[in-house]
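Novice: Data file target35.csv (CSV, C-alpha atoms) is appended below.
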```csv
chain,number,residue,atom,x,y,z
A,1,MET,CA,6.7,-51.3,-43.6
A,2,PRO,CA,8.2,-47.8,-44.2
A,3,ASN,CA,8.0,-45.2,-41.5
A,4,ASP,CA,7.4,-42.1,-43.8
A,5,TYR,CA,7.1,-38.7,-42.3
A,6,VAL,CA,3.8,-36.9,-42.7
A,7,PHE,CA,5.6,-33.6,-43.0
A,8,ASP,CA,9.1,-33.2,-44.6
A,9,GLU,CA,12.0,-31.1,-43.6
A,10,PRO,CA,11.6,-27.3,-43.2
A,11,ASN,CA,12.9,-26.7,-46.8
A,12,GLN,CA,10.1,-29.0,-48.1
A,13,PRO,CA,7.1,-28.2,-45.8
A,14,VAL,CA,4.5,-30.5,-47.1
A,15,TYR,CA,5.2,-34.1,-48.1
A,16,THR,CA,2.5,-36.0,-50.0
A,17,LYS,CA,2.5,-39.4,-51.4
A,18,LEU,CA,-0.3,-41.3,-53.2
A,19,THR,CA,-0.8,-44.4,-51.1
A,20,ASN,CA,-4.0,-45.6,-52.6
A,21,THR,CA,-3.0,-47.9,-55.4
A,22,TYR,CA,-6.6,-48.8,-56.3
A,23,THR,CA,-6.9,-45.7,-58.5
A,24,SER,CA,-4.1,-45.0,-60.8
A,25,PRO,CA,-3.3,-42.3,-61.5
A,26,GLY,CA,-4.6,-40.4,-58.5
A,27,ILE,CA,-7.2,-37.8,-59.6
A,28,VAL,CA,-9.1,-35.4,-57.4
A,29,ALA,CA,-12.3,-33.8,-58.8
A,30,PRO,CA,-15.5,-32.5,-57.3
A,31,PRO,CA,-18.5,-34.8,-57.4
A,32,GLU,CA,-20.1,-32.7,-60.1
A,33,THR,CA,-17.6,-34.0,-62.6
A,34,ASN,CA,-18.9,-37.5,-62.3
A,35,ALA,CA,-22.5,-36.4,-62.1
A,36,GLY,CA,-22.2,-34.4,-65.3
A,37,ALA,CA,-20.4,-37.3,-67.1
A,38,THR,CA,-23.0,-39.8,-66.1
A,39,GLY,CA,-26.0,-37.5,-67.0
A,40,ASN,CA,-27.2,-36.9,-63.5
A,41,MET,CA,-26.6,-33.1,-63.3
A,42,TYR,CA,-29.4,-30.7,-64.1
A,43,VAL,CA,-30.0,-26.9,-64.5
A,44,VAL,CA,-33.0,-24.6,-64.4
A,45,ASN,CA,-33.1,-20.9,-64.9
A,46,ALA,CA,-35.6,-18.1,-64.9
A,47,ILE,CA,-35.6,-14.3,-65.6
A,48,ASN,CA,-37.8,-11.4,-64.7
A,49,SER,CA,-37.2,-7.9,-66.2
A,50,THR,CA,-39.4,-4.9,-65.5
A,51,THR,CA,-39.4,-1.1,-66.0
A,52,LEU,CA,-40.3,0.4,-62.7
A,53,GLY,CA,-42.5,3.5,-62.4
A,54,ILE,CA,-41.5,6.9,-60.9
A,55,LEU,CA,-41.8,5.6,-57.3
A,56,GLY,CA,-39.5,2.6,-58.0
A,57,GLY,CA,-40.3,-0.9,-56.6
A,58,SER,CA,-39.0,-4.4,-56.6
A,59,VAL,CA,-38.4,-7.1,-59.1
A,60,THR,CA,-38.1,-10.7,-58.0
A,61,ILE,CA,-37.5,-14.1,-59.6
A,62,THR,CA,-37.9,-17.3,-57.6
A,63,ILE,CA,-37.0,-20.9,-58.5
A,64,GLN,CA,-38.3,-23.8,-56.5
A,65,VAL,CA,-37.2,-27.4,-56.9
A,66,SER,CA,-39.2,-30.2,-55.2
A,67,ASN,CA,-38.0,-33.7,-54.6
A,68,PRO,CA,-41.2,-35.8,-54.7
A,69,ALA,CA,-41.8,-38.3,-51.9
A,70,GLY,CA,-40.8,-41.8,-52.9
A,71,SER,CA,-38.5,-40.5,-55.8
A,72,GLY,CA,-35.7,-42.7,-54.7
A,73,LYS,CA,-33.3,-39.9,-55.5
A,74,THR,CA,-31.6,-37.2,-53.4
A,75,LEU,CA,-30.9,-33.7,-54.8
A,76,TYR,CA,-27.4,-32.2,-54.1
A,77,VAL,CA,-27.1,-28.5,-54.8
A,78,SER,CA,-24.1,-27.7,-57.0
A,79,ARG,CA,-24.4,-24.0,-57.3
A,80,GLU,CA,-26.6,-20.9,-57.4
A,81,THR,CA,-25.9,-18.4,-60.1
A,82,GLY,CA,-27.7,-15.4,-61.6
A,83,GLY,CA,-27.5,-11.7,-61.7
A,84,VAL,CA,-29.1,-8.4,-61.2
A,85,ASN,CA,-29.2,-5.9,-64.1
A,86,VAL,CA,-29.9,-2.3,-63.2
A,87,ALA,CA,-30.1,0.9,-65.2
A,88,LEU,CA,-29.4,3.4,-62.4
A,89,ASN,CA,-29.7,7.1,-62.5
A,90,LEU,CA,-28.1,9.5,-60.0
A,91,LEU,CA,-31.2,9.8,-57.8
A,92,SER,CA,-31.8,6.1,-57.4
A,93,SER,CA,-31.0,3.8,-54.6
A,94,PHE,CA,-30.4,0.1,-55.3
A,95,SER,CA,-30.6,-3.0,-53.1
A,96,GLY,CA,-30.5,-6.7,-54.0
A,97,ASN,CA,-30.8,-10.0,-52.1
A,98,LEU,CA,-30.4,-13.7,-52.6
A,99,THR,CA,-32.4,-15.9,-50.3
A,100,LEU,CA,-32.5,-19.7,-50.0
A,101,THR,CA,-35.5,-21.3,-48.3
A,102,LYS,CA,-36.5,-24.8,-47.2
A,103,GLY,CA,-40.0,-25.3,-48.5
A,104,GLY,CA,-42.2,-22.3,-49.1
A,105,THR,CA,-45.2,-21.6,-51.4
A,106,LEU,CA,-45.0,-19.9,-54.8
A,107,THR,CA,-47.6,-17.4,-56.2
A,108,SER,CA,-48.8,-18.2,-59.7
A,109,PRO,CA,-46.0,-20.7,-60.5
A,110,THR,CA,-44.8,-21.6,-63.9
A,111,THR,CA,-43.4,-25.1,-64.6
A,112,LEU,CA,-39.7,-25.3,-65.6
A,113,SER,CA,-38.0,-28.1,-67.5
A,114,PRO,CA,-34.7,-29.1,-66.0
A,115,VAL,CA,-31.9,-29.4,-68.6
A,116,ASN,CA,-29.4,-32.2,-68.4
A,117,SER,CA,-25.9,-30.8,-68.4
A,118,ASN,CA,-24.7,-33.8,-70.4
A,119,PHE,CA,-26.2,-33.0,-73.8
A,120,GLY,CA,-25.7,-36.6,-75.0
A,121,SER,CA,-27.7,-38.1,-72.1
A,122,ALA,CA,-31.4,-39.1,-72.4
A,123,ARG,CA,-31.9,-39.0,-68.7
A,124,THR,CA,-34.5,-36.7,-67.2
A,125,SER,CA,-34.7,-35.2,-63.7
A,126,VAL,CA,-37.2,-36.7,-61.2
A,127,MET,CA,-37.5,-33.3,-59.6
A,128,THR,CA,-40.3,-30.8,-60.0
A,129,ALA,CA,-39.1,-27.3,-60.9
A,130,ARG,CA,-41.2,-24.2,-61.0
A,131,SER,CA,-40.6,-20.4,-61.0
A,132,SER,CA,-42.5,-17.3,-59.9
A,133,THR,CA,-42.1,-13.6,-60.2
A,134,ALA,CA,-43.0,-13.1,-56.5
A,135,ALA,CA,-41.1,-14.0,-53.4
A,136,PRO,CA,-42.1,-17.2,-51.7
A,137,THR,CA,-44.3,-17.3,-48.7
A,138,GLY,CA,-43.7,-19.5,-45.7
A,139,GLY,CA,-40.9,-22.0,-45.5
A,140,THR,CA,-37.7,-21.6,-43.5
A,141,THR,CA,-35.1,-19.2,-44.7
A,142,PHE,CA,-31.6,-20.7,-44.1
A,143,TYR,CA,-29.4,-18.4,-46.2
A,144,SER,CA,-29.7,-14.8,-47.2
A,145,VAL,CA,-27.0,-12.5,-48.7
A,146,PRO,CA,-27.1,-9.0,-50.1
A,147,LEU,CA,-26.3,-8.6,-53.8
A,148,GLN,CA,-24.7,-5.9,-55.8
A,149,ALA,CA,-25.7,-5.2,-59.4
A,150,GLY,CA,-24.1,-7.7,-61.8
A,151,PRO,CA,-23.6,-11.4,-61.8
A,152,PHE,CA,-23.2,-13.7,-58.8
A,153,LEU,CA,-22.0,-17.3,-58.3
A,154,TYR,CA,-22.1,-19.4,-55.2
A,155,ASN,CA,-20.5,-22.9,-55.5
A,156,GLU,CA,-22.1,-25.3,-53.0
A,157,ASN,CA,-20.5,-28.7,-54.2
A,158,GLY,CA,-23.3,-30.7,-52.6
A,159,ARG,CA,-23.5,-28.6,-49.4
A,160,TYR,CA,-27.3,-28.5,-49.4
A,161,VAL,CA,-29.0,-31.9,-49.5
A,162,VAL,CA,-32.7,-32.2,-50.5
A,163,PRO,CA,-34.1,-35.7,-49.7
A,164,PRO,CA,-37.4,-37.1,-51.0
A,165,GLY,CA,-40.4,-35.1,-49.8
A,166,GLN,CA,-38.4,-31.8,-49.4
A,167,THR,CA,-38.1,-28.6,-51.4
A,168,ILE,CA,-35.5,-25.9,-51.9
A,169,THR,CA,-36.4,-22.4,-53.0
A,170,MET,CA,-34.1,-19.7,-54.4
A,171,SER,CA,-35.2,-16.1,-54.7
A,172,VAL,CA,-33.4,-13.2,-56.3
A,173,SER,CA,-34.8,-9.7,-55.7
A,174,ALA,CA,-33.8,-6.2,-56.5
A,175,SER,CA,-35.3,-2.8,-55.6
A,176,LEU,CA,-35.0,0.8,-56.8
A,177,THR,CA,-36.4,3.9,-55.1
A,178,VAL,CA,-37.1,5.7,-58.4
A,179,ALA,CA,-37.9,4.8,-62.0
A,180,GLY,CA,-35.5,2.5,-63.8
A,181,LEU,CA,-35.1,-0.8,-65.6
A,182,VAL,CA,-34.4,-3.8,-63.3
A,183,GLY,CA,-33.8,-7.4,-64.3
A,184,THR,CA,-33.2,-10.4,-62.1
A,185,SER,CA,-32.1,-13.9,-63.2
A,186,ALA,CA,-31.6,-17.1,-61.3
A,187,ASP,CA,-30.0,-20.4,-62.1
A,188,LEU,CA,-30.0,-23.5,-59.9
A,189,VAL,CA,-27.7,-26.4,-60.6
A,190,TRP,CA,-27.9,-29.8,-58.9
A,191,TRP,CA,-27.1,-33.4,-59.3
A,192,GLU,CA,-29.2,-36.5,-58.4
A,193,ALA,CA,-28.0,-39.7,-56.8
```
Starting from the file, give its structure as structure tokens.

Specialist:
Amino acid sequence: MPNDYVFDEPNQPVYTKLTNTYTSPGIVAPPETNAGATGNMYVVNAINSTTLGILGGSVTITIQVSNPAGSGKTLYVSRETGGVNVALNLLSSFSGNLTLTKGGTLTSPTTLSPVNSNFGSARTSVMTARSSTAAPTGGTTFYSVPLQAGPFLYNENGRYVVPPGQTITMSVSASLTVAGLVGTSADLVWWEA
């Protein structure tokens, strides 16, 4: 049995060797790659755009994905994307925020149809997806970050796990202090296993 060094000499600081001969060649890829190829990755999106009056106001879009009890599947969040479009004038003050919540209740929800990222797959999501133009009420906020005007992208790579009987809610909001056009968009990408 060879006694290979984990680290090589100083002129070659990191020594690596593929020792797993089960997979040849050795390929490293995020889990989303396999989920997309097998037809188990889904996307939902929603948009809200409004012209605010002279006193300004807020524009919100919320996406909620529920994993039904007894579904036999677990949802793994791949990424949250979206954006805030703002037509500012010199007298306006802008603020934006992305919030992720466990659970929560939506006001006047609209049903969304998850799209399979593998266009050749006939699989459909077992999750229930809805959107609202209001912030969610209740639930437990576990992530909140301020947003600037423009697009955003947060890769999670399965960091958030939603088992059967649980719900994840994503809300994007933007505010202006005076009149202006504001648009918010949200996209939630996940895979099921």

Novice: Any idea what's packed within 10 Å of Ser132 (chain A), counting all atoms listed in the file, ignoring anything in its chain fewer than 3 positions away? Could you give it as a PyMOL selection string?

Specialist: chain A and resi 46-48+60-64+105-111+135-136+171

Novice: Can you work out the spacing between CA of Ala35 (chain A) and CA of Arg130 (chain A) in Å, to one decimal?

Specialist: 22.4 Å

Novice: Smallest atom-to-atom distance to Ser117 (chain A): which of A:Pro30, A:Gly56, A:Gly39, A:Pro164, using only C-alpha atoms?

Specialist: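 Result for the nearest residue to Ser117 (chain A): A:Gly39.
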
Novice: With distances taken over all atoms listed in the file, which residue among A:Asn34, A:Thr101, A:Thr169, A:Thr184 lies nearest Phe152 (chain A)?

Specialist: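 Residue with the minimum atom-to-atom distance to Phe152 (chain A): A:Thr184.
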
Novice: Here is a test: counting all atoms listed in the file, which residue of A:Leu98, A:Met41, A:Val86, A:Ile54 is nearest to Tyr154 (chain A)?

Specialist: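 Closest to Tyr154 (chain A), using all atoms listed in the file: A:Leu98.
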
Novice: Nearest residue to Gly72 (chain A) out of A:Thr38, A:Pro163, A:Ser95, A:Ala122, using all atoms listed in the file?

Specialist: A:Pro163

Novice: Could you pull the residues within 6 Å of Gly139 (chain A), counting only C-alpha atoms, minus those fewer than 4 positions along the same chain, as a tab-separated table (two decimals) with C-alpha atoms, in the coordinates of the input?

Specialist:
```tsv
chain	number	residue	atom	x	y	z
A	102	LYS	CA	-36.50	-24.80	-47.20
A	103	GLY	CA	-40.00	-25.30	-48.50
A	104	GLY	CA	-42.20	-22.30	-49.10
```

Novice: Mind pulling up the distance from CA of Leu153 (chain A) to CA of Ser78 (chain A)?

Specialist: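 We find that CA of Ser78 (chain A) and CA of Leu153 (chain A) lie 10.7 Å from each other.
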
Novice: Taking into account only C-alpha atoms, which residue in the set A:Glu80, A:Glu192, A:Glu32, A:Glu156 is nearest to Asn45 (chain A)?

Specialist: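 Among the listed residues, A:Glu80 lies closest to Asn45 (chain A).
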
Novice: For Pro151 (chain A), find every residue with an atom within 10 Å (counting all atoms listed in the file), except residues of its own chain fewer than 2 positions away, and show them as a PyMOL selection string.

Specialist: chain A and resi 81-85+147-149+153+184-186

Novice: One decimal, in Å: what's the spacing between CA of Thr140 (chain A) and CA of Leu112 (chain A)?

Specialist: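 Separating CA of Thr140 (chain A) from CA of Leu112 (chain A) is a distance of 22.5 Å.
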
Novice: Which residues, written as a PyMOL selection string, have at least one atom at most 10 Å from Val59 (chain A), with all atoms listed in the file counted and residues fewer than 5 positions away on the same chain left out?

Specialist: chain A and resi 48-52+84+96+133-135+172-176+181-184

Novice: Pick out the closest residue to Pro146 (chain A) from this set: A:Thr99, A:Arg79, A:Val65, A:Ala193. Count all atoms listed in the file.

Specialist: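 Distance minimum relative to Pro146 (chain A) lands on A:Thr99.
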
Novice: Just the residues within 8 Å of Val115 (chain A), please, counting only C-alpha atoms, with nothing from its chain fewer than 2 positions along; format it as a list in words.

Specialist: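 Skipping anything fewer than 2 positions along the chain leaves Tyr42, Val43, Val44, Ser113, Ser117 and Thr124 of chain A.
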
Novice: Store the residues of this selection in a file with C-alpha atoms, as a compact mmCIF listing (two decimals), in the frame of the given file.

Specialist:
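Now in selection_21.txt:
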```txt
# COMPACT_ATOMS: atom_id res chain seq x y z
CA TYR A 42 -29.40 -30.70 -64.10
CA VAL A 43 -30.00 -26.90 -64.50
CA VAL A 44 -33.00 -24.60 -64.40
CA SER A 113 -38.00 -28.10 -67.50
CA SER A 117 -25.90 -30.80 -68.40
CA THR A 124 -34.50 -36.70 -67.20
```

Novice: Would you pull region 126-149 of chain A out of the block just shown and save N, CA, C and O atoms as a JSON list (two decimals), in the first residue's frame?

Specialist:
```json
[["chain", "number", "residue", "atom", "x", "y", "z"],
["A", 126, "VAL", "N", -44.88, 17.86, -6.94],
["A", 126, "VAL", "CA", -45.91, 17.51, -5.95],
["A", 126, "VAL", "C", -46.17, 18.70, -5.02],
["A", 126, "VAL", "O", -47.08, 18.65, -4.19],
["A", 127, "MET", "N", -45.40, 19.78, -5.16],
["A", 127, "MET", "CA", -45.53, 20.95, -4.29],
["A", 127, "MET", "C", -46.71, 21.81, -4.72],
["A", 127, "MET", "O", -47.11, 21.82, -5.87],
["A", 128, "THR", "N", -47.22, 22.59, -3.78],
["A", 128, "THR", "CA", -48.27, 23.57, -4.05],
["A", 128, "THR", "C", -47.63, 24.95, -4.01],
["A", 128, "THR", "O", -47.06, 25.34, -2.99],
["A", 129, "ALA", "N", -47.68, 25.67, -5.13],
["A", 129, "ALA", "CA", -47.06, 26.99, -5.22],
["A", 129, "ALA", "C", -48.12, 28.06, -5.41],
["A", 129, "ALA", "O", -49.07, 27.88, -6.17],
["A", 130, "ARG", "N", -47.95, 29.18, -4.68],
["A", 130, "ARG", "CA", -48.89, 30.29, -4.76],
["A", 130, "ARG", "C", -48.12, 31.60, -4.69],
["A", 130, "ARG", "O", -46.98, 31.64, -4.23],
["A", 131, "SER", "N", -48.75, 32.68, -5.12],
["A", 131, "SER", "CA", -48.14, 34.01, -5.02],
["A", 131, "SER", "C", -49.15, 35.00, -4.47],
["A", 131, "SER", "O", -50.35, 34.75, -4.48],
["A", 132, "SER", "N", -48.62, 36.13, -4.01],
["A", 132, "SER", "CA", -49.46, 37.20, -3.48],
["A", 132, "SER", "C", -48.73, 38.52, -3.69],
["A", 132, "SER", "O", -47.50, 38.55, -3.75],
["A", 133, "THR", "N", -49.49, 39.60, -3.80],
["A", 133, "THR", "CA", -48.89, 40.92, -3.92],
["A", 133, "THR", "C", -48.82, 41.62, -2.57],
["A", 133, "THR", "O", -48.69, 42.84, -2.49],
["A", 134, "ALA", "N", -48.88, 40.83, -1.50],
["A", 134, "ALA", "CA", -48.75, 41.36, -0.14],
["A", 134, "ALA", "C", -47.71, 40.53, 0.60],
["A", 134, "ALA", "O", -47.46, 39.37, 0.26],
["A", 135, "ALA", "N", -47.11, 41.12, 1.61],
["A", 135, "ALA", "CA", -46.16, 40.40, 2.44],
["A", 135, "ALA", "C", -46.90, 39.32, 3.24],
["A", 135, "ALA", "O", -48.08, 39.48, 3.55],
["A", 136, "PRO", "N", -46.24, 38.21, 3.55],
["A", 136, "PRO", "CA", -46.91, 37.17, 4.34],
["A", 136, "PRO", "C", -47.11, 37.62, 5.78],
["A", 136, "PRO", "O", -46.39, 38.49, 6.27],
["A", 137, "THR", "N", -48.08, 37.03, 6.42],
["A", 137, "THR", "CA", -48.28, 37.27, 7.85],
["A", 137, "THR", "C", -47.97, 35.98, 8.59],
["A", 137, "THR", "O", -48.18, 34.88, 8.08],
["A", 138, "GLY", "N", -47.49, 36.12, 9.82],
["A", 138, "GLY", "CA", -47.15, 34.95, 10.61],
["A", 138, "GLY", "C", -45.90, 34.27, 10.08],
["A", 138, "GLY", "O", -45.14, 34.83, 9.28],
["A", 139, "GLY", "N", -45.69, 33.06, 10.52],
["A", 139, "GLY", "CA", -44.50, 32.32, 10.11],
["A", 139, "GLY", "C", -43.27, 32.77, 10.87],
["A", 139, "GLY", "O", -43.33, 33.68, 11.71],
["A", 140, "THR", "N", -42.15, 32.14, 10.59],
["A", 140, "THR", "CA", -40.88, 32.45, 11.23],
["A", 140, "THR", "C", -39.88, 32.91, 10.20],
["A", 140, "THR", "O", -39.46, 32.12, 9.35],
["A", 141, "THR", "N", -39.49, 34.18, 10.25],
["A", 141, "THR", "CA", -38.50, 34.70, 9.31],
["A", 141, "THR", "C", -37.13, 34.17, 9.71],
["A", 141, "THR", "O", -36.71, 34.30, 10.85],
["A", 142, "PHE", "N", -36.44, 33.53, 8.74],
["A", 142, "PHE", "CA", -35.12, 33.00, 9.05],
["A", 142, "PHE", "C", -34.01, 33.63, 8.20],
["A", 142, "PHE", "O", -32.84, 33.37, 8.41],
["A", 143, "TYR", "N", -34.39, 34.47, 7.24],
["A", 143, "TYR", "CA", -33.38, 35.12, 6.40],
["A", 143, "TYR", "C", -33.96, 36.42, 5.88],
["A", 143, "TYR", "O", -35.07, 36.44, 5.36],
["A", 144, "SER", "N", -33.20, 37.50, 6.02],
["A", 144, "SER", "CA", -33.64, 38.80, 5.52],
["A", 144, "SER", "C", -32.41, 39.59, 5.11],
["A", 144, "SER", "O", -31.44, 39.67, 5.86],
["A", 145, "VAL", "N", -32.46, 40.14, 3.90],
["A", 145, "VAL", "CA", -31.31, 40.88, 3.39],
["A", 145, "VAL", "C", -31.81, 42.10, 2.62],
["A", 145, "VAL", "O", -32.80, 42.01, 1.90],
["A", 146, "PRO", "N", -31.15, 43.26, 2.78],
["A", 146, "PRO", "CA", -31.55, 44.42, 1.99],
["A", 146, "PRO", "C", -31.16, 44.24, 0.53],
["A", 146, "PRO", "O", -30.18, 43.56, 0.21],
["A", 147, "LEU", "N", -31.96, 44.84, -0.35],
["A", 147, "LEU", "CA", -31.71, 44.76, -1.79],
["A", 147, "LEU", "C", -31.47, 46.14, -2.36],
["A", 147, "LEU", "O", -32.07, 47.12, -1.91],
["A", 148, "GLN", "N", -30.63, 46.19, -3.37],
["A", 148, "GLN", "CA", -30.47, 47.40, -4.17],
["A", 148, "GLN", "C", -31.32, 47.24, -5.41],
["A", 148, "GLN", "O", -31.78, 46.15, -5.73],
["A", 149, "ALA", "N", -31.54, 48.33, -6.12],
["A", 149, "ALA", "CA", -32.28, 48.25, -7.38],
["A", 149, "ALA", "C", -31.47, 47.38, -8.35],
["A", 149, "ALA", "O", -30.25, 47.45, -8.38]]
```
